[in-house]
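Novice: So that we are looking at the same thing, I have put the structure below in structure tokens.
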Amino acid sequence: MSRVYRPKDLAEALQMRADHPEAAPLAGGTDLMVTRHSAPREAYLNLFNVEGLSGIEVIQGGAIRVGAATIHRQIACSPEIQRAAPILAEAARVIGGRQIQNRGTIGGNIANASPAGDTLPVLLALDAQIEVQSAARGARLIPIEGFFKGYKQLDLAADELITAVIVPDHHQDALYFRKVGTRAAVAISQVILAGRVKRVEGRVIEARVAFGSVAPTPIRAREVEAALIGHPVDPRAADALDVHPIDDIRGTAVYRRAVAHRVLRTWLRAL
């Protein structure tokens, strides 16, 4: 029988994390509980109702701070996120079904570190930062691009917890999100594209093109970004895309590569 630690507030949660590093952090449990029989944990640290870990607020510069235990349904319905980063709300609306959206959390989606995590390429495209905290060292902010070190590997110490996501205000940029799966809903992604373009006088001055489900971690397509910057948007920039997905139960590498090119070109044509 696994032990379960139940902190009441963030300070107690951080101390328990330091005292019991063997305890797996547990929020909504929509991923972790699926594996509790095949990969049982010695202990769990229940964070779902911890005071100070959930909620959405506007902070300096119009950025949005999303607590790690904020459920996907709150994100999907948030007017603040709809204004500043609507593609994050779009991604939250296609995670599982309504039951998953009412239980799963954004911090859990990040911590699970699946290449198919729906919010992860979106957060890459938005230049989000991950706030982590420990009882001993306090808080630090990590650009999300540096947070994923490899498949299921995070820049997170054994005594740290993910406490929030900071999303800059991008309401003036052109944003795009597309998830391709075997069904229109309740499906694990085969390819995810999240894009952001900022233009001045018709020319691209900033571009982010991020993919999920085509590599061991969510990735930026820097070669496409470089082809876009300094020019009017040209769909032929999609030809620069260089991804190397794998074959698995959800799709072949050939299929994923073709779909990635197609959805990218479709977005650039629309721009």
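Ligands are numbered from 1 in the order shown, residues from 1 within each chain, and chains are lettered A, B, ... in the order they appear in the structure tokens.
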Near segment 184-198 of chain A, counting only C-alpha atoms, which residues have an atom at most 6 Å away, once you skip same-chain residues fewer than 2 positions from it, shown as a list in words?

Specialist: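 Skipping anything fewer than 2 positions along the chain leaves Gly96, Gly97, Ala116, Pro121, Val122, Ala125, Asp173, Ala174, Leu175, Tyr176, Phe177, Arg178, Lys179, Val180, Gly181, Val204, Ile205, Glu206, Ala207, Arg208, Val209, Ala210, Phe211, Gly212 and Ser213 of chain A.
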
Novice: Could you list, as a list of chain:residue names, every residue within 9 Å of Ala76 of chain A, counting only C-alpha atoms and ignoring same-chain residues fewer than 6 positions away?

Specialist: A:Gln82, A:Pro86, A:Leu88, A:Ala89, A:Glu90, A:Ala91, A:Ala92, A:Arg93, A:Gln101

Novice: Pull the strand (DSSP E or B) assignments for segment 64-156 of chain A out of DSSP run on the backbone, and list those residues as number ranges by chain.

Specialist: A: 64-67, 71, 105, 129-134, 138-143, 148-150, 153-154

Novice: So that I can see what lies close to Ile142 of chain A, please list as an mmCIF file with C-alpha atoms, in the first residue's frame the residues with an atom at most 9 Å from it, counting only C-alpha atoms and leaving out residues fewer than 4 positions away in the same chain.

Specialist:
```cif
data_model
loop_
_atom_site.group_PDB
_atom_site.id
_atom_site.type_symbol
_atom_site.label_atom_id
_atom_site.label_comp_id
_atom_site.auth_asym_id
_atom_site.auth_seq_id
_atom_site.Cartn_x
_atom_site.Cartn_y
_atom_site.Cartn_z
ATOM 1 C CA ALA A 128 6.378 30.516 -21.555
ATOM 2 C CA GLN A 129 8.431 30.169 -18.400
ATOM 3 C CA ILE A 130 8.075 27.444 -15.794
ATOM 4 C CA GLU A 131 8.119 28.531 -12.168
ATOM 5 C CA VAL A 132 9.565 25.918 -9.821
ATOM 6 C CA GLY A 146 15.293 24.485 -21.584
ATOM 7 C CA PHE A 147 12.974 22.626 -19.237
ATOM 8 C CA ASP A 155 15.219 20.442 -15.343
#
```

Novice: Could you tell me which of A:Ile162, A:Val4, A:Val254, A:Ala237 comes closest to Leu53 of chain A if we count only C-alpha atoms?

Specialist: A:Ile162
